[in-house]
>>> print(open('structure.txt').read())   # compact mmCIF, C-alpha atoms
# COMPACT_ATOMS: atom_id res chain seq x y z
CA MET A 1 13.99 53.73 18.63
CA SER A 2 17.48 52.31 19.15
CA ASP A 3 19.00 49.92 16.61
CA LEU A 4 18.79 47.13 19.21
CA SER A 5 15.09 47.79 19.88
CA LYS A 6 14.42 47.99 16.16
CA SER A 7 16.25 44.69 15.62
CA ILE A 8 14.26 42.97 18.37
CA SER A 9 10.95 44.31 16.97
CA GLU A 10 11.80 43.12 13.47
CA GLY A 11 12.80 39.73 14.85
CA GLU A 12 9.51 39.39 16.70
CA LEU A 13 7.62 40.37 13.56
CA VAL A 14 9.41 37.71 11.48
CA GLU A 15 8.70 35.13 14.17
CA LYS A 16 5.00 36.04 14.23
CA GLU A 17 4.83 35.86 10.44
CA SER A 18 6.49 32.45 10.54
CA ILE A 19 3.96 31.20 13.09
CA VAL A 20 1.07 32.52 10.99
CA ASP A 21 2.45 30.83 7.85
CA LEU A 22 2.97 27.59 9.75
CA LYS A 23 -0.61 27.64 11.04
CA LYS A 24 -1.94 28.41 7.56
CA SER A 25 0.05 25.53 6.05
CA LYS A 26 -1.27 23.17 8.69
CA LEU A 27 -4.86 24.22 7.98
CA LYS A 28 -4.34 23.77 4.25
CA ARG A 29 -3.06 20.25 4.82
CA LYS A 30 -6.10 19.44 6.95
CA LEU A 31 -8.45 20.77 4.28
CA LEU A 32 -6.76 18.82 1.49
CA GLN A 33 -6.60 15.64 3.56
CA GLN A 34 -10.31 15.95 4.39
CA LEU A 35 -11.23 16.43 0.73
CA TYR A 36 -9.05 13.47 -0.26
CA ASN A 37 -10.44 11.15 2.40
CA GLN A 38 -14.09 12.19 2.36
CA GLY A 39 -14.84 13.82 -1.00
CA ASN A 40 -16.42 17.18 -1.82
CA PHE A 41 -17.54 19.67 0.87
CA THR A 42 -18.93 23.14 1.27
CA ILE A 43 -16.91 25.85 2.98
CA SER A 44 -19.28 25.64 5.94
CA HIS A 45 -18.62 21.93 6.42
CA LEU A 46 -14.88 22.38 5.98
CA SER A 47 -14.94 25.20 8.54
CA LYS A 48 -16.47 22.85 11.13
CA HIS A 49 -13.93 20.13 10.34
CA VAL A 50 -10.85 22.33 10.81
CA HIS A 51 -12.44 24.37 13.64
CA THR A 52 -11.77 27.67 11.87
CA SER A 53 -14.04 30.55 10.88
CA VAL A 54 -15.82 30.60 7.54
CA PRO A 55 -13.95 33.75 6.35
CA SER A 56 -10.59 32.12 7.15
CA VAL A 57 -11.50 28.91 5.33
CA THR A 58 -12.78 30.94 2.39
CA THR A 59 -9.39 32.63 2.11
CA LEU A 60 -7.60 29.28 2.30
CA ILE A 61 -9.87 27.79 -0.37
CA GLU A 62 -9.17 30.74 -2.67
CA GLU A 63 -5.43 30.24 -2.22
CA LEU A 64 -5.71 26.49 -2.87
CA ILE A 65 -7.73 27.17 -6.02
CA HIS A 66 -4.98 29.53 -7.19
CA GLU A 67 -2.41 26.82 -6.41
CA LYS A 68 -4.48 24.36 -8.50
CA TRP A 69 -5.16 21.95 -5.64
CA ILE A 70 -8.91 22.62 -5.47
CA VAL A 71 -11.77 23.44 -7.85
CA GLU A 72 -15.41 24.37 -7.42
CA VAL A 73 -17.41 21.33 -8.48
CA GLY A 74 -20.95 22.73 -8.40
CA PRO A 75 -23.77 23.53 -5.98
CA ALA A 76 -24.57 21.39 -2.95
CA GLU A 77 -28.00 19.83 -2.60
CA VAL A 78 -29.95 21.54 0.19
CA GLN A 79 -33.66 21.51 1.03
CA LEU A 80 -34.10 25.24 1.64
CA GLY A 81 -32.37 28.47 0.71
CA ARG A 82 -29.50 29.25 -1.57
CA LYS A 83 -27.35 26.32 -2.63
CA PRO A 84 -23.75 26.73 -1.38
CA ALA A 85 -20.80 25.80 -3.60
CA LEU A 86 -19.10 22.44 -3.27
CA TYR A 87 -15.32 22.21 -3.47
CA GLY A 88 -13.18 19.21 -4.31
CA LEU A 89 -9.69 18.23 -5.36
CA ASN A 90 -8.56 19.21 -8.85
CA ALA A 91 -8.38 16.07 -11.03
CA ARG A 92 -6.63 17.91 -13.88
CA GLU A 93 -3.50 18.95 -11.99
CA ARG A 94 -0.84 17.47 -9.70
CA TYR A 95 -0.49 13.89 -10.88
CA PHE A 96 1.15 11.04 -8.97
CA LEU A 97 3.19 8.13 -10.33
CA ALA A 98 2.68 4.81 -8.52
CA LEU A 99 5.17 2.05 -9.29
CA ASP A 100 4.44 -1.51 -8.19
CA MET A 101 7.66 -3.54 -8.33
CA THR A 102 7.97 -7.24 -7.52
CA THR A 103 10.50 -10.00 -8.11
CA TYR A 104 8.60 -11.23 -11.18
CA SER A 105 6.94 -8.16 -12.78
CA SER A 106 6.50 -4.40 -12.45
CA LYS A 107 3.88 -1.92 -13.55
CA ALA A 108 3.59 1.88 -13.42
CA TYR A 109 0.46 3.98 -13.04
CA ILE A 110 -0.40 7.68 -13.35
CA LEU A 111 -3.18 8.72 -10.97
CA ASN A 112 -4.95 12.01 -10.45
CA LEU A 113 -6.21 13.43 -7.16
CA HIS A 114 -9.48 11.51 -7.60
CA ASN A 115 -7.58 8.19 -7.47
CA GLU A 116 -8.36 7.61 -11.12
CA VAL A 117 -5.74 5.73 -13.14
CA ILE A 118 -5.30 7.77 -16.30
CA PHE A 119 -2.44 5.69 -17.74
CA SER A 120 -0.68 2.43 -16.89
CA GLN A 121 1.98 0.30 -18.48
CA ALA A 122 4.21 -2.66 -17.66
CA ILE A 123 7.82 -1.79 -16.81
CA PRO A 124 10.51 -4.24 -18.00
CA LEU A 125 12.31 -4.32 -14.65
CA VAL A 126 12.01 -6.57 -11.60
CA ILE A 127 13.44 -6.39 -8.10
CA GLU A 128 16.85 -8.03 -7.95
CA ASN A 129 19.80 -7.48 -5.67
CA LYS A 130 21.75 -5.47 -8.23
CA ALA A 131 22.12 -1.83 -9.26
CA MET A 132 18.95 -0.48 -10.85
CA VAL A 133 18.84 3.30 -10.32
CA GLU A 134 19.95 4.23 -13.85
CA SER A 135 17.76 1.64 -15.58
CA LEU A 136 14.73 2.57 -13.46
CA THR A 137 15.23 6.26 -14.19
CA LYS A 138 15.35 5.46 -17.91
CA GLU A 139 12.16 3.39 -17.70
CA ILE A 140 10.31 6.10 -15.75
CA ARG A 141 11.23 8.69 -18.36
CA ALA A 142 10.05 6.37 -21.15
CA PHE A 143 6.81 5.67 -19.28
CA LEU A 144 6.10 9.38 -18.80
CA GLN A 145 6.76 10.04 -22.47
CA ALA A 146 4.24 7.31 -23.39
CA SER A 147 1.70 8.75 -20.94
CA SER A 148 2.00 12.32 -22.30
CA ILE A 149 2.42 13.53 -18.70
CA LYS A 150 5.39 15.82 -18.23
CA ILE A 151 7.70 15.14 -15.32
CA GLN A 152 7.02 18.71 -14.10
CA GLU A 153 3.36 17.74 -13.66
CA LEU A 154 4.24 14.99 -11.16
CA GLU A 155 3.73 15.84 -7.53
CA ALA A 156 5.46 12.69 -6.30
CA ILE A 157 6.54 9.15 -7.15
CA SER A 158 5.67 6.28 -4.80
CA ILE A 159 7.20 2.82 -5.17
CA SER A 160 6.14 -0.44 -3.53
CA MET A 161 8.49 -3.41 -3.30
CA PRO A 162 9.14 -6.47 -1.14
CA GLY A 163 11.92 -6.62 1.44
CA LEU A 164 12.94 -5.08 4.75
CA ILE A 165 12.47 -1.37 4.04
CA ASN A 166 13.31 1.35 6.52
CA PRO A 167 10.83 4.17 5.78
CA LYS A 168 13.06 6.74 7.50
CA THR A 169 16.08 6.07 5.27
CA GLY A 170 14.38 4.47 2.27
CA ILE A 171 16.98 1.67 2.28
CA ASN A 172 15.86 -1.85 1.37
CA TYR A 173 18.00 -4.18 3.50
CA THR A 174 16.83 -7.30 1.66
CA TYR A 175 18.05 -5.89 -1.65
CA PRO A 176 20.88 -3.53 -0.59
CA SER A 177 22.65 -3.56 -3.96
CA ILE A 178 19.87 -1.79 -5.86
CA CYS A 179 21.70 1.43 -4.88
CA ALA A 180 25.27 2.33 -4.04
CA GLN A 181 26.25 1.50 -0.45
CA GLY A 182 24.57 3.80 2.04
CA LYS A 183 22.30 5.30 -0.60
CA SER A 184 18.54 4.83 -0.94
CA LEU A 185 16.35 4.55 -4.00
CA PRO A 186 14.17 7.56 -3.05
CA GLU A 187 17.07 9.96 -2.65
CA GLU A 188 18.82 8.73 -5.80
CA LEU A 189 15.70 9.04 -7.95
CA LYS A 190 14.92 12.46 -6.49
CA LYS A 191 18.37 13.67 -7.52
CA LEU A 192 17.98 12.38 -11.06
CA LEU A 193 14.32 13.19 -11.71
CA HIS A 194 13.83 16.18 -9.36
CA VAL A 195 10.57 14.71 -8.04
CA LYS A 196 9.78 13.76 -4.44
CA THR A 197 10.06 9.97 -4.24
CA TYR A 198 8.88 7.55 -1.56
CA VAL A 199 9.33 3.80 -1.07
CA ILE A 200 7.03 1.57 0.98
CA HIS A 201 6.82 -2.17 1.63
CA ASP A 202 4.29 -3.72 -0.75
CA THR A 203 2.03 -5.24 1.90
CA LYS A 204 2.02 -2.03 3.95
CA ALA A 205 0.82 -0.27 0.80
CA ILE A 206 -1.93 -2.88 0.52
CA THR A 207 -2.86 -2.27 4.17
CA LEU A 208 -3.18 1.47 3.53
CA GLY A 209 -5.35 0.79 0.50
CA GLU A 210 -7.65 -1.48 2.46
CA HIS A 211 -7.85 0.98 5.36
CA HIS A 212 -8.75 3.97 3.19
CA PHE A 213 -10.87 2.30 0.52
CA GLY A 214 -11.47 -1.39 1.22
CA LEU A 215 -12.60 -3.92 3.81
CA ALA A 216 -10.69 -2.19 6.62
CA GLN A 217 -12.15 1.24 5.84
CA ASN A 218 -14.14 1.48 9.06
CA ILE A 219 -11.92 -0.80 11.13
CA GLN A 220 -9.21 0.16 13.59
CA HIS A 221 -7.52 -3.24 13.91
CA ALA A 222 -6.79 -5.53 10.97
CA ILE A 223 -4.14 -7.79 9.42
CA THR A 224 -3.51 -8.02 5.70
CA VAL A 225 -1.87 -11.12 4.24
CA ASN A 226 -0.25 -10.93 0.82
CA MET A 227 0.15 -14.50 -0.48
CA ASP A 228 2.04 -13.69 -3.63
CA TRP A 229 4.11 -15.60 -6.18
CA ASN A 230 7.57 -15.46 -4.61
CA GLY A 231 6.77 -14.65 -0.98
CA VAL A 232 4.30 -13.84 1.75
CA GLY A 233 3.88 -10.40 3.34
CA PHE A 234 1.93 -9.07 6.30
CA GLY A 235 0.56 -5.65 7.18
CA LEU A 236 -0.65 -4.67 10.64
CA LEU A 237 -3.31 -2.03 11.28
CA VAL A 238 -3.50 -1.02 14.96
CA ASN A 239 -5.60 1.87 16.26
CA GLY A 240 -6.16 2.96 12.67
CA GLN A 241 -2.43 3.24 11.94
CA VAL A 242 -0.18 0.96 9.89
CA VAL A 243 2.42 -0.39 12.31
CA LEU A 244 5.99 0.12 11.10
CA GLY A 245 8.15 -0.72 14.10
CA GLU A 246 11.49 0.82 15.06
CA SER A 247 13.14 0.16 11.70
CA GLY A 248 10.01 -0.31 9.59
CA PHE A 249 10.12 -4.11 9.70
CA ALA A 250 7.05 -4.83 11.87
CA GLY A 251 4.84 -7.72 10.80
CA GLU A 252 7.51 -9.93 9.21
CA LEU A 253 5.73 -13.17 10.13
CA ALA A 254 6.83 -14.96 6.96
CA HIS A 255 10.07 -16.09 8.62
CA ILE A 256 8.56 -17.88 11.60
CA GLN A 257 9.68 -21.51 11.37
CA VAL A 258 6.83 -23.94 10.69
CA LYS A 259 8.77 -26.91 9.23
CA PRO A 260 11.97 -27.71 11.21
CA GLN A 261 12.94 -30.30 8.57
CA GLY A 262 11.70 -28.18 5.68
CA GLU A 263 13.31 -26.31 2.82
CA LEU A 264 16.07 -23.74 3.10
CA CYS A 265 14.59 -20.24 2.92
CA TYR A 266 16.35 -17.40 1.09
CA CYS A 267 16.76 -15.73 4.49
CA GLY A 268 19.15 -18.52 5.52
CA LYS A 269 16.82 -20.33 7.92
CA VAL A 270 15.05 -23.65 7.37
CA GLY A 271 11.31 -24.23 7.07
CA CYS A 272 10.03 -20.64 7.23
CA LEU A 273 6.33 -20.01 6.64
CA ASP A 274 7.38 -18.27 3.42
CA THR A 275 8.71 -21.54 1.99
CA VAL A 276 5.35 -23.37 2.20
CA THR A 277 2.72 -20.68 1.60
CA LYS A 278 3.84 -18.75 -1.49
CA ALA A 279 2.24 -19.40 -4.86
CA SER A 280 5.44 -20.67 -6.49
CA TYR A 281 5.68 -23.39 -3.81
CA LEU A 282 2.13 -24.54 -4.62
CA ILE A 283 2.92 -24.95 -8.31
CA LYS A 284 6.27 -26.59 -7.60
CA ARG A 285 4.72 -29.07 -5.14
CA ILE A 286 1.87 -30.02 -7.50
CA LYS A 287 4.37 -30.77 -10.25
CA GLU A 288 6.48 -32.89 -7.89
CA LEU A 289 3.50 -34.95 -6.71
CA ILE A 290 2.22 -35.50 -10.26
CA LYS A 291 5.67 -36.75 -11.28
CA GLU A 292 5.55 -39.14 -8.30
CA GLY A 293 2.33 -40.62 -9.71
CA HIS A 294 -0.37 -38.89 -7.66
CA VAL A 295 -3.76 -38.75 -9.34
CA SER A 296 -4.94 -35.31 -10.49
CA LEU A 297 -6.94 -33.68 -13.23
CA LEU A 298 -3.79 -31.67 -13.90
CA THR A 299 -1.96 -34.77 -15.20
CA LYS A 300 -3.66 -34.05 -18.55
CA GLU A 301 -1.82 -30.72 -18.75
CA ASN A 302 1.71 -29.91 -19.81
CA LEU A 303 3.53 -29.83 -16.44
CA GLU A 304 5.60 -26.81 -17.41
CA LYS A 305 2.46 -24.79 -18.21
CA ILE A 306 0.56 -25.42 -14.97
CA ASP A 307 -0.35 -22.09 -13.34
CA ILE A 308 -2.60 -20.73 -10.58
CA GLU A 309 -5.62 -20.44 -12.89
CA MET A 310 -5.34 -24.16 -13.69
CA VAL A 311 -5.13 -25.02 -9.99
CA VAL A 312 -8.25 -22.93 -9.31
CA GLN A 313 -10.10 -24.71 -12.09
CA ALA A 314 -8.98 -28.15 -10.87
CA ALA A 315 -10.00 -27.35 -7.28
CA ASN A 316 -13.41 -26.15 -8.47
CA GLN A 317 -13.81 -29.49 -10.27
CA GLY A 318 -13.11 -31.38 -7.05
CA ASP A 319 -9.44 -32.31 -7.68
CA GLU A 320 -8.33 -33.90 -4.40
CA LEU A 321 -4.60 -33.26 -4.92
CA ALA A 322 -5.11 -29.51 -5.45
CA ILE A 323 -7.59 -29.26 -2.57
CA ASP A 324 -5.34 -31.20 -0.16
CA LEU A 325 -2.34 -28.98 -0.96
CA LEU A 326 -4.42 -25.86 -0.44
CA GLN A 327 -5.68 -27.25 2.86
CA ASP A 328 -2.09 -27.80 4.02
CA MET A 329 -0.96 -24.33 2.92
CA GLY A 330 -3.94 -22.63 4.52
CA HIS A 331 -3.48 -24.57 7.74
CA GLU A 332 0.17 -23.52 8.08
CA MET A 333 -0.78 -19.90 7.40
CA GLY A 334 -3.64 -20.07 9.91
CA LYS A 335 -1.41 -21.41 12.69
CA VAL A 336 0.94 -18.44 12.36
CA LEU A 337 -1.94 -15.99 12.05
CA ALA A 338 -3.36 -17.39 15.30
CA ILE A 339 -0.22 -16.10 17.04
CA ALA A 340 -0.79 -12.66 15.51
CA VAL A 341 -4.45 -12.74 16.56
CA HIS A 342 -3.45 -13.32 20.20
CA LEU A 343 -0.93 -10.47 19.99
CA LEU A 344 -3.11 -7.90 18.20
CA ASN A 345 -6.74 -8.95 18.63
CA PRO A 346 -7.78 -7.75 15.12
CA LYS A 347 -11.31 -7.37 13.80
CA SER A 348 -10.43 -8.59 10.32
CA ILE A 349 -7.83 -10.61 8.41
CA ILE A 350 -7.80 -9.71 4.71
CA ILE A 351 -6.19 -12.04 2.18
CA HIS A 352 -4.42 -10.67 -0.91
CA GLY A 353 -2.08 -11.80 -3.64
CA VAL A 354 -2.32 -14.33 -6.44
CA LEU A 355 -3.46 -17.04 -4.01
CA ALA A 356 -6.45 -14.88 -3.03
CA ASN A 357 -7.85 -15.93 -6.43
CA LEU A 358 -8.41 -19.36 -4.87
CA GLY A 359 -11.18 -17.85 -2.75
CA ASP A 360 -12.69 -20.18 -0.18
CA PHE A 361 -10.19 -22.92 -1.02
CA ILE A 362 -7.51 -20.86 0.74
CA ARG A 363 -9.70 -18.81 3.09
CA ASP A 364 -11.50 -21.75 4.72
CA PRO A 365 -8.40 -23.69 5.92
CA ILE A 366 -6.85 -20.44 7.19
CA GLU A 367 -10.00 -19.67 9.14
CA GLN A 368 -10.23 -23.25 10.44
CA ALA A 369 -6.63 -23.23 11.71
CA ILE A 370 -7.15 -19.86 13.41
CA HIS A 371 -10.24 -21.18 15.17
CA GLU A 372 -8.39 -24.34 16.24
CA ASN A 373 -5.50 -22.38 17.74
CA CYS A 374 -7.16 -19.28 19.21
CA LEU A 375 -8.96 -18.76 22.48
CA ALA A 376 -12.70 -18.42 22.02
CA ASP A 377 -12.91 -14.75 23.02
CA TYR A 378 -10.32 -13.77 20.39
CA LYS A 379 -12.18 -15.32 17.48
CA GLU A 380 -15.70 -14.30 18.46
CA ASN A 381 -15.82 -11.20 16.23
CA LEU A 382 -12.92 -12.05 13.93
CA GLN A 383 -13.53 -12.13 10.17
CA VAL A 384 -11.28 -13.77 7.58
CA GLU A 385 -12.01 -12.26 4.17
CA ILE A 386 -10.77 -12.20 0.60
CA SER A 387 -10.01 -8.64 -0.54
CA LYS A 388 -12.58 -7.06 -2.82
CA LEU A 389 -10.09 -4.48 -4.07
CA GLY A 390 -7.59 -7.07 -5.26
CA ALA A 391 -4.55 -5.58 -6.99
CA SER A 392 -6.10 -2.09 -6.77
CA ALA A 393 -5.48 -2.02 -3.00
CA LYS A 394 -1.74 -1.68 -3.48
CA ILE A 395 -2.07 1.11 -6.06
CA LEU A 396 -4.57 3.03 -3.95
CA GLY A 397 -2.32 2.54 -0.92
CA LEU A 398 0.66 3.90 -2.84
CA GLN A 399 -1.42 6.91 -3.83
CA ALA A 400 -2.66 7.51 -0.28
CA TYR A 401 0.89 7.19 1.07
CA ALA A 402 2.32 9.65 -1.46
CA ILE A 403 -0.44 12.20 -0.86
CA HIS A 404 -0.04 11.94 2.92
CA LYS A 405 3.74 12.39 2.66
CA THR A 406 3.37 15.25 0.21
CA LEU A 407 0.86 17.09 2.38
CA SER A 408 3.00 16.50 5.46
CA GLU A 409 6.04 18.06 3.80
CA ASN A 410 4.44 20.80 1.74
CA ALA A 411 0.98 22.34 1.74
CA GLY A 412 1.39 23.62 -1.77
>>> encode(input="structure.txt", output="structure tokens")
Amino acid sequence: MSDLSKSISEGELVEKESIVDLKKSKLKRKLLQQLYNQGNFTISHLSKHVHTSVPSVTTLIEELIHEKWIVEVGPAEVQLGRKPALYGLNARERYFLALDMTTYSSKAYILNLHNEVIFSQAIPLVIENKAMVESLTKEIRAFLQASSIKIQELEAISISMPGLINPKTGINYTYPSICAQGKSLPEELKKLLHVKTYVIHDTKAITLGEHHFGLAQNIQHAITVNMDWNGVGFGLLVNGQVVLGESGFAGELAHIQVKPQGELCYCGKVGCLDTVTKASYLIKRIKELIKEGHVSLLTKENLEKIDIEMVVQAANQGDELAIDLLQDMGHEMGKVLAIAVHLLNPKSIIIHGVLANLGDFIRDPIEQAIHENCLADYKENLQVEISKLGASAKILGLQAYAIHKTLSENAG
């Protein structure tokens, strides 16, 4: 054989090996994703899911066991014959760090592959438009030391935060100064900690959590609304996928103008939805009205100590001032959501955030405003619901996002 022929043959062999490895990696990802989404399975069931022979899946399972992704969890329950082995994800290896950061508090969590939180702790950092890479790295190291989890045991870090976040670049355009110009938090943390790091908008993380584990689990079209302390966020689920948009900014309904003569928003516009539907506005407005002499059960309280829990209690006791304010807030939110309903025709709208604790006091006026402003056919099957997962939705969404990204980039 000539040198040229030999070279061509070797090249073809390498190409074939590469194709085989690529196919194997893809099958591994499918197996792991199935086990993560649906729980434990036998090799036979997994074979049907990935449309591959039982011997091939058996080989893949053996490799994934060796790589510490999978373990045998016991025999499956069958009516007749020998009980086949069940396989599931390994809860004792490959941990993930989920970091929930807001403008008023932050908390870190260590989760295993069973979505179990094995350690959590508050982090003394909040989102501000100033450099934070070094301080965040220091806090992550301290958190890991407290958790007894070594950084080498982390498969990935996922961070949720508010702001206009481009998922392709990882840059937060609302808080650009958290990193050096042109740099992103994920790439900076990856350099310093040597762990894959991902950043996602907080409400999109909530949407993922609801879709995989909550009220949107069996729904293809939904809207999540995060009515939090310092802002309002929206997540859009369309055809079973979280909508990101060209730059990752899709669903930013908080800056639709609802009060032309209203307050100046931090975005620079006047009267945005965000200015009249966030929790801090509710507390601020109640204090203002009490000072003006309006009657309320809350006049007995120290004005500076009034919080959401007090407002909930007052509303439950029939306080007209609290109820009227909640009606106004819910109505403004519902009017904007009616626009989104006409655009997206969702099955469900799921309410999150600290104002979700108000239950029907916030849900009912939102639902009423949607019904007043939507065509009949759009609202026929529409449900407006308070999340049952609560704060867990964001953490589970962060975990699901990190696992999906990890499996997409590396099968093990």
>>> closest_atom_pairs(input="structure.txt", of="stretch 337-409 of chain A", to="stretch 268-285 of chain A", cutoff="12 Å", atoms="all atoms listed in the file", output="Markdown table")
| residue | atom | partner | partner_atom | distance |
| --- | --- | --- | --- | --- |
| A:Leu337 | CA | A:Leu273 | CA | 10.7 |
| A:His352 | CA | A:Lys278 | CA | 11.6 |
| A:Gly353 | CA | A:Ala279 | CA | 8.8 |
| A:Val354 | CA | A:Ala279 | CA | 7.0 |
| A:Leu355 | CA | A:Ala279 | CA | 6.2 |
| A:Ala356 | CA | A:Ala279 | CA | 10.0 |
| A:Asn357 | CA | A:Ala279 | CA | 10.8 |
| A:Leu358 | CA | A:Ala279 | CA | 10.7 |
| A:Ile362 | CA | A:Thr277 | CA | 10.3 |
| A:Ile366 | CA | A:Thr277 | CA | 11.1 |
>>> atom_distance(input="structure.txt", atom1="atom CA of A:Asn230", atom2="atom CA of A:Ser177")
19.2 Å
>>> closest_residue(input="structure.txt", among="A:Lys394, A:Lys379, A:Lys68, A:His194", to="A:Ala108", atoms="all atoms listed in the file")
A:Lys394
>>> closest_residue(input="structure.txt", among="A:Leu244, A:Lys305, A:Ala254, A:Val225", to="A:Arg363", atoms="all atoms listed in the file")
A:Val225
>>> residues_around(input="structure.txt", residues="A:Leu97", least_positions_apart="5", cutoff="8 Å", atoms="all atoms listed in the file", output="JSON, numbers by chain")
{"A": [108, 109, 110, 111, 154, 156, 157, 158]}
>>> closest_residue(input="structure.txt", among="A:Leu398, A:Gly240, A:His331, A:Asp319", to="A:Met161", atoms="only C-alpha atoms")
A:Leu398
>>> residues_around(input="structure.txt", residues="stretch 202-205 of chain A", least_positions_apart="3", cutoff="9 Å", atoms="all atoms listed in the file", output="ChimeraX atom specification")
/A:100-102,159-163,208-210,224-226,232-236,242-244,352,393-401
>>> residues_around(input="structure.txt", residues="stretch 122-137 of chain A", least_positions_apart="4", cutoff="6 Å", atoms="only C-alpha atoms", output="PyMOL selection string")
chain A and resi 102-107+175+177-179
>>> atom_distance(input="structure.txt", atom1="atom CA of A:Leu215", atom2="atom CA of A:Gly39")
18.5 Å
>>> residues_around(input="structure.txt", residues="A:Glu301", least_positions_apart="4", cutoff="12 Å", atoms="all atoms listed in the file", output="VMD selection string")
chain A and resid 286 to 287 290 296 to 297 305 to 307 310 to 311 314
>>> residues_near_point(input="structure.txt", point="(11.4, 6.3, -5.3)", cutoff="8 Å", atoms="all atoms listed in the file", output="list in words")
Ile157, Ser158, Ile159, Leu185, Pro186, Glu187, Glu188, Leu189, Lys190, Lys196, Thr197, Tyr198 and Val199 of chain A
>>> closest_residue(input="structure.txt", among="A:Ala142, A:Phe361, A:Glu332, A:Glu380", to="A:Gln257", atoms="all atoms listed in the file")
A:Glu332
>>> atom_distance(input="structure.txt", atom1="atom CA of A:Asp328", atom2="atom CA of A:Leu343")
23.6 Å
>>> closest_residue(input="structure.txt", among="A:Ser148, A:Gln181, A:Asn345, A:Asn90", to="A:Ile118", atoms="only C-alpha atoms")
A:Ser148
>>> residues_around(input="structure.txt", residues="A:Gly74", least_positions_apart="5", cutoff="10 Å", atoms="all atoms listed in the file", output="ChimeraX atom specification")
/A:40,42,83-88
>>> build_atoms(input="structure.txt", residues="stretch 241-257 of chain A", atoms="N, CA and C atoms", output="short mmCIF file (atom, residue, chain, number, x, y, z; two decimals), in the coordinates of the input")
data_model
loop_
_atom_site.label_atom_id
_atom_site.label_comp_id
_atom_site.auth_asym_id
_atom_site.auth_seq_id
_atom_site.Cartn_x
_atom_site.Cartn_y
_atom_site.Cartn_z
N GLN A 241 -3.73 2.88 12.50
CA GLN A 241 -2.43 3.24 11.94
C GLN A 241 -1.69 1.99 11.49
N VAL A 242 -1.01 2.08 10.35
CA VAL A 242 -0.18 0.96 9.89
C VAL A 242 1.07 0.91 10.76
N VAL A 243 1.28 -0.23 11.39
CA VAL A 243 2.42 -0.39 12.31
C VAL A 243 3.70 -0.59 11.50
N LEU A 244 4.71 0.22 11.79
CA LEU A 244 5.99 0.12 11.10
C LEU A 244 7.07 -0.53 11.95
N GLY A 245 7.09 -0.23 13.24
CA GLY A 245 8.15 -0.72 14.10
C GLY A 245 9.35 0.22 14.09
N GLU A 246 10.33 -0.06 14.91
CA GLU A 246 11.49 0.82 15.06
C GLU A 246 12.22 1.06 13.75
N SER A 247 12.41 0.02 12.96
CA SER A 247 13.14 0.16 11.70
C SER A 247 12.25 -0.03 10.48
N GLY A 248 10.93 -0.14 10.71
CA GLY A 248 10.01 -0.31 9.59
C GLY A 248 9.74 -1.75 9.22
N PHE A 249 10.20 -2.70 10.05
CA PHE A 249 10.12 -4.11 9.70
C PHE A 249 8.96 -4.85 10.38
N ALA A 250 8.10 -4.16 11.09
CA ALA A 250 7.05 -4.83 11.87
C ALA A 250 6.16 -5.69 10.98
N GLY A 251 5.77 -6.84 11.51
CA GLY A 251 4.84 -7.72 10.80
C GLY A 251 5.51 -8.76 9.93
N GLU A 252 6.81 -8.97 10.07
CA GLU A 252 7.51 -9.93 9.21
C GLU A 252 7.32 -11.34 9.76
N LEU A 253 6.08 -11.85 9.61
CA LEU A 253 5.73 -13.17 10.13
C LEU A 253 6.15 -14.29 9.19
N ALA A 254 6.53 -13.94 7.97
CA ALA A 254 6.83 -14.96 6.96
C ALA A 254 8.03 -15.81 7.34
N HIS A 255 8.85 -15.35 8.29
CA HIS A 255 10.07 -16.09 8.62
C HIS A 255 10.00 -16.72 10.01
N ILE A 256 8.76 -17.00 10.45
CA ILE A 256 8.56 -17.88 11.60
C ILE A 256 8.69 -19.32 11.10
N GLN A 257 9.46 -20.12 11.81
CA GLN A 257 9.68 -21.51 11.37
C GLN A 257 8.43 -22.35 11.61
#
